[in-house]
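Data block below; observations after.
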Amino acid sequence: MTDPVAEAQALIGRVHRELIAPLLPPEVGIWDVHAHLGEDDDGSLLDSPMLLDEMRRFGVARSFVFPFRQKSLAGYRGRNDAMIVAAEASGGSLVPFCRVEPGEGAAGELERALDAGACGIKLHPLTGRFEIGDPLVDAAMALAAERSVPVLLHAGRGIAPFVHDLEGMLRRHPEAQVILAHAGIGDHEAAVAASAAYPNLVFDVAVWNLLDLCSLITRVAPEQILYGTDAPYYGHACVQAKLGLTLAAAGAGADQAAAILGGNAQRVASGCPADRLSPPLGIPEPTAGYAALRAHEYVLACIPLVWTRQPDLLDALRLAEHTIDPAASPGHAAASEMLALARKTWRHELEVGSRREILSLSWTTFRLLEFADALLLCP
């Protein structure tokens with residue numbers, strides 16, 4: 001009996017080789033600015049050998065790495081040191097970031113970790129813990145400006161609107177290079193509107209909805225966009241599919257694509273803003289057609305169900321399949337194949353998948369759905 005997970009991994013690899021890899025500039029050193037290392041309370045796991053193997057498979061030269069959430073300052077101290085050790089052992093492939101949460105000694109731990117070899121700071125605001133307006137964020141930005149290292153801020157789901165507070169910090173610390181994770185979707189419209197005034201503000205592309213990525217590329221200077229996966233939650237094959245297809249639709253040149261895939265991150269890692277901001281690429285309004293847009297909506301309806309280990313009682317995935325004409329394009333043919341296989345992996349993972357994970361973002365079914373969605377909207 002064929003293992004559906006292995007079948008899905010093979011299909012993802014084949015479609016990436018045939019349809020996505022040719023879109024990426026050759027011999028570009030890709031930099032991933034967003035990777036967790038260690039084990040989280042939700043059961044998510046990524047160790048150095050796993051991460052480095054995945055990087056080699058998909059042409060990624062460097063990854064910014066930082067710990068999952070810890071329960072105490074001592075826990076963060078131990079994991080921050082572990083990031084530094086892992087980076088040293090990687091020969092430069094891993095770039096260690098330190099992390100803390102607000103509390104006594106937090107700012108001091110950031111200084112200690114930077115002195116010990118950390119090359120950046122990661123903070124993860126979340127409503128109920130702290131918001132981007134917390135004094136710790138301001139202190140981290142001041143420290144980042146002083147040390148010429150970047151700050152990566154969680155700016156996705158689960159936080160209050162933050163741009164009003166963030167703009168004050170950006171004005172106070174113009175030398176701090178600030179990365180908003182997840183395309184800043186937690187306050188996306190305001191962040192995009194503010195971006196042109198702050199060359200030291202950049203965004204990573206770790207989002208599940210391709211339209212968020214299209215919105216970012218349409219309205220933000222290419223110098224302010226960085227490749228990021230949020231590993232282990234997203235994988236390189238699917239992130240490269242979403243980004244590569246969107247850049248191709250926008251008519252990005254090879255130099256612009258190379259900068260977004262790696263050059264911008266390399267510059268930010270050295271503490272430098274862009275010399276100038278170019279006009280946004282201005283991807284055209286979506287022209288995929290009603291069938292693809294309908295399929296996109298049905299696929300998005302499936303994703304929270306997959307994350308929370310629920311069956312497809314609404315049969316939304318079958319609705320998505322029924323809207324696609326595989327003869328329309330090679331991309332639609334591959335998407336149709338992925339969605340058909342996703343029905344098998346979904347059932348399989350409900351039966352045998354991990355029960356530790358609170359959010360099942362690392363499950364194979366999600367990989368198939370997000371890849372297929374990109375192929376539908378940017379065939």
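We label chains A, B, ... in the order they appear in the structure tokens, count residues from 1 in each chain, and number ligands from 1 in the order shown.
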*Find the residues near A:His124: any atom within 9 Å, counting only C-alpha atoms, skip ones fewer than 4 places away on the same chain, and give them as a PyMOL selection string.*
chain A and resi 69+99-101+130-132+152-155
*asked:* So the first atom is atom CA of A:Ala295 and the second is atom CA of A:Leu226; what is the distance between them in Å, to one decimal place?
replied: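 We find that atom CA of A:Ala295 and atom CA of A:Leu226 lie 28.0 Å from each other.
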*Hey, what's within 7 Å of stretch 268-278 of chain A if we count only C-alpha atoms and toss same-chain stuff fewer than 3 positions away? As a PyMOL selection string, please?*
chain A and resi 148-150+177+199-200+221-223+264-265
Got time to write the residues from that selection, N, CA and C atoms, as a PDB file, in the first residue's frame?
```pdb
ATOM      1  N   SER A 148      23.989  47.345  15.450  1.00  0.00           N
ATOM      2  CA  SER A 148      23.852  47.111  14.000  1.00  0.00           C
ATOM      3  C   SER A 148      23.411  45.686  13.704  1.00  0.00           C
ATOM      4  N   VAL A 149      22.365  45.256  14.414  1.00  0.00           N
ATOM      5  CA  VAL A 149      21.764  43.949  14.163  1.00  0.00           C
ATOM      6  C   VAL A 149      20.265  44.154  13.939  1.00  0.00           C
ATOM      7  N   PRO A 150      19.585  43.241  13.236  1.00  0.00           N
ATOM      8  CA  PRO A 150      18.157  43.398  12.992  1.00  0.00           C
ATOM      9  C   PRO A 150      17.298  42.882  14.142  1.00  0.00           C
ATOM     10  N   GLN A 177      17.191  48.104  12.111  1.00  0.00           N
ATOM     11  CA  GLN A 177      16.572  47.389  10.984  1.00  0.00           C
ATOM     12  C   GLN A 177      15.494  46.461  11.548  1.00  0.00           C
ATOM     13  N   PRO A 199      12.735  53.446   5.453  1.00  0.00           N
ATOM     14  CA  PRO A 199      13.583  52.469   4.752  1.00  0.00           C
ATOM     15  C   PRO A 199      14.117  51.369   5.661  1.00  0.00           C
ATOM     16  N   ASN A 200      14.087  51.595   6.983  1.00  0.00           N
ATOM     17  CA  ASN A 200      14.578  50.580   7.929  1.00  0.00           C
ATOM     18  C   ASN A 200      13.494  49.572   8.310  1.00  0.00           C
ATOM     19  N   ALA A 221       8.052  48.622  -1.616  1.00  0.00           N
ATOM     20  CA  ALA A 221       9.281  48.605  -2.420  1.00  0.00           C
ATOM     21  C   ALA A 221       9.939  47.229  -2.368  1.00  0.00           C
ATOM     22  N   PRO A 222      10.470  46.733  -3.486  1.00  0.00           N
ATOM     23  CA  PRO A 222      11.107  45.409  -3.468  1.00  0.00           C
ATOM     24  C   PRO A 222      12.269  45.309  -2.490  1.00  0.00           C
ATOM     25  N   GLU A 223      12.917  46.437  -2.169  1.00  0.00           N
ATOM     26  CA  GLU A 223      14.008  46.426  -1.190  1.00  0.00           C
ATOM     27  C   GLU A 223      13.520  46.120   0.225  1.00  0.00           C
ATOM     28  N   ASN A 264      18.483  41.314   0.015  1.00  0.00           N
ATOM     29  CA  ASN A 264      17.945  42.230   1.023  1.00  0.00           C
ATOM     30  C   ASN A 264      18.246  41.753   2.438  1.00  0.00           C
ATOM     31  N   ALA A 265      18.083  40.449   2.659  1.00  0.00           N
ATOM     32  CA  ALA A 265      18.358  39.899   3.994  1.00  0.00           C
ATOM     33  C   ALA A 265      19.828  40.040   4.358  1.00  0.00           C
TER      34      ALA A 265
END
```
*asked:* As an exercise, work out the distance from atom CA of A:His182 to atom CA of A:Val28 in Å and give it to one decimal place.
replied: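 Separation between atom CA of A:His182 and atom CA of A:Val28: 22.7 Å.
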*List every residue of stretch 18-91 of chain A that DSSP, applied to the backbone of this structure, places in strand (DSSP E or B), and write the result as a ChimeraX atom specification.*
/A:30-39,45-46,60-67
For the selection you just gave me, I'd like the residues written to a file as an mmCIF file, in the first residue's frame, keeping N, CA and C atoms.
```cif
data_model
loop_
_atom_site.group_PDB
_atom_site.id
_atom_site.type_symbol
_atom_site.label_atom_id
_atom_site.label_comp_id
_atom_site.auth_asym_id
_atom_site.auth_seq_id
_atom_site.Cartn_x
_atom_site.Cartn_y
_atom_site.Cartn_z
ATOM 1 N N ILE A 30 19.888 31.973 -1.345
ATOM 2 C CA ILE A 30 18.647 32.365 -0.686
ATOM 3 C C ILE A 30 18.887 32.475 0.819
ATOM 4 N N TRP A 31 18.328 33.514 1.427
ATOM 5 C CA TRP A 31 18.409 33.717 2.881
ATOM 6 C C TRP A 31 17.001 33.637 3.453
ATOM 7 N N ASP A 32 16.802 32.730 4.385
ATOM 8 C CA ASP A 32 15.530 32.591 5.088
ATOM 9 C C ASP A 32 15.648 33.351 6.410
ATOM 10 N N VAL A 33 14.803 34.368 6.592
ATOM 11 C CA VAL A 33 14.946 35.226 7.776
ATOM 12 C C VAL A 33 14.079 34.774 8.946
ATOM 13 N N HIS A 34 13.456 33.578 8.853
ATOM 14 C CA HIS A 34 12.463 33.230 9.875
ATOM 15 C C HIS A 34 12.406 31.719 10.073
ATOM 16 N N ALA A 35 13.187 31.199 11.031
ATOM 17 C CA ALA A 35 13.180 29.762 11.317
ATOM 18 C C ALA A 35 13.324 29.525 12.815
ATOM 19 N N HIS A 36 12.408 28.733 13.358
ATOM 20 C CA HIS A 36 12.470 28.322 14.766
ATOM 21 C C HIS A 36 13.347 27.075 14.875
ATOM 22 N N LEU A 37 14.096 26.960 15.953
ATOM 23 C CA LEU A 37 14.959 25.808 16.155
ATOM 24 C C LEU A 37 14.737 25.262 17.561
ATOM 25 N N GLY A 38 14.494 23.958 17.655
ATOM 26 C CA GLY A 38 14.248 23.327 18.944
ATOM 27 C C GLY A 38 12.913 22.620 18.946
ATOM 28 N N GLU A 39 12.249 22.586 20.105
ATOM 29 C CA GLU A 39 10.951 21.931 20.240
ATOM 30 C C GLU A 39 9.999 22.848 20.987
ATOM 31 N N LEU A 45 8.707 20.580 16.017
ATOM 32 C CA LEU A 45 10.109 20.225 16.244
ATOM 33 C C LEU A 45 10.923 20.526 15.001
ATOM 34 N N LEU A 46 12.066 21.154 15.199
ATOM 35 C CA LEU A 46 13.024 21.341 14.116
ATOM 36 C C LEU A 46 14.413 21.395 14.722
ATOM 37 N N VAL A 60 19.004 27.073 -0.116
ATOM 38 C CA VAL A 60 19.010 28.142 0.890
ATOM 39 C C VAL A 60 20.384 28.197 1.541
ATOM 40 N N ALA A 61 21.032 29.349 1.459
ATOM 41 C CA ALA A 61 22.407 29.492 1.952
ATOM 42 C C ALA A 61 22.467 29.833 3.437
ATOM 43 N N ARG A 62 21.517 30.649 3.933
ATOM 44 C CA ARG A 62 21.532 31.100 5.314
ATOM 45 C C ARG A 62 20.112 31.070 5.873
ATOM 46 N N SER A 63 19.998 30.822 7.174
ATOM 47 C CA SER A 63 18.720 30.926 7.874
ATOM 48 C C SER A 63 18.934 31.640 9.197
ATOM 49 N N PHE A 64 18.111 32.638 9.476
ATOM 50 C CA PHE A 64 18.077 33.252 10.797
ATOM 51 C C PHE A 64 17.329 32.289 11.721
ATOM 52 N N VAL A 65 17.932 31.883 12.824
ATOM 53 C CA VAL A 65 17.312 30.898 13.717
ATOM 54 C C VAL A 65 17.172 31.466 15.119
ATOM 55 N N PHE A 66 16.099 31.063 15.811
ATOM 56 C CA PHE A 66 15.828 31.549 17.167
ATOM 57 C C PHE A 66 14.992 30.514 17.894
ATOM 58 N N PRO A 67 14.901 30.603 19.209
ATOM 59 C CA PRO A 67 14.200 29.578 19.979
ATOM 60 C C PRO A 67 12.674 29.697 19.865
#
```
*8 Å contact set for A:Leu170, only C-alpha atoms, chain neighbours under 3 positions out, as an MDAnalysis selection string*: chainID A and resid 166:167 173:174 176 198 200:201
*asked:* Using only C-alpha atoms, which protein or nucleic acid residues come within 10 Å of A:Leu281? Drop anything in the same chain fewer than 4 positions from it, and give the result as an MDAnalysis selection string.
replied: chainID A and resid 216:222 247 249:253 256
*For A:Leu305, please output as a PyMOL selection string all residues within 12 Å (counting only C-alpha atoms; exclusion window: fewer than 3 positions along the same chain).*
chain A and resi 298-302+308-317+346+350+358-361+363+365-366+369
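We find atom CA of A:Phe371 and atom CA of A:Leu261 to be spaced 18.1 Å apart.
Among the candidate residues A:Val5, A:Val192, A:Leu24, A:Leu319, the one lying nearest to A:Leu341 is A:Val5, with distances computed using only C-alpha atoms.
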*Determine the nearest neighbour of A:Arg347 from the options A:Cys378, A:Ala288, A:Leu136, A:Val306, counting only C-alpha atoms.*
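So, comparing all the options, the nearest one is A:Val306.
For the residues A:Gly120, A:Pro102, A:Gly228, A:Gly59, ranking by smallest atom-to-atom distance to A:Leu213 using only C-alpha atoms places A:Gly228 first.
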*Determine, counting only C-alpha atoms, which protein, DNA and RNA residues have an atom within 10 Å of an atom of A:Arg57; residues of the same chain fewer than 5 positions away are not included. Present the result as a ChimeraX atom specification.*
/A:13,52,236-237
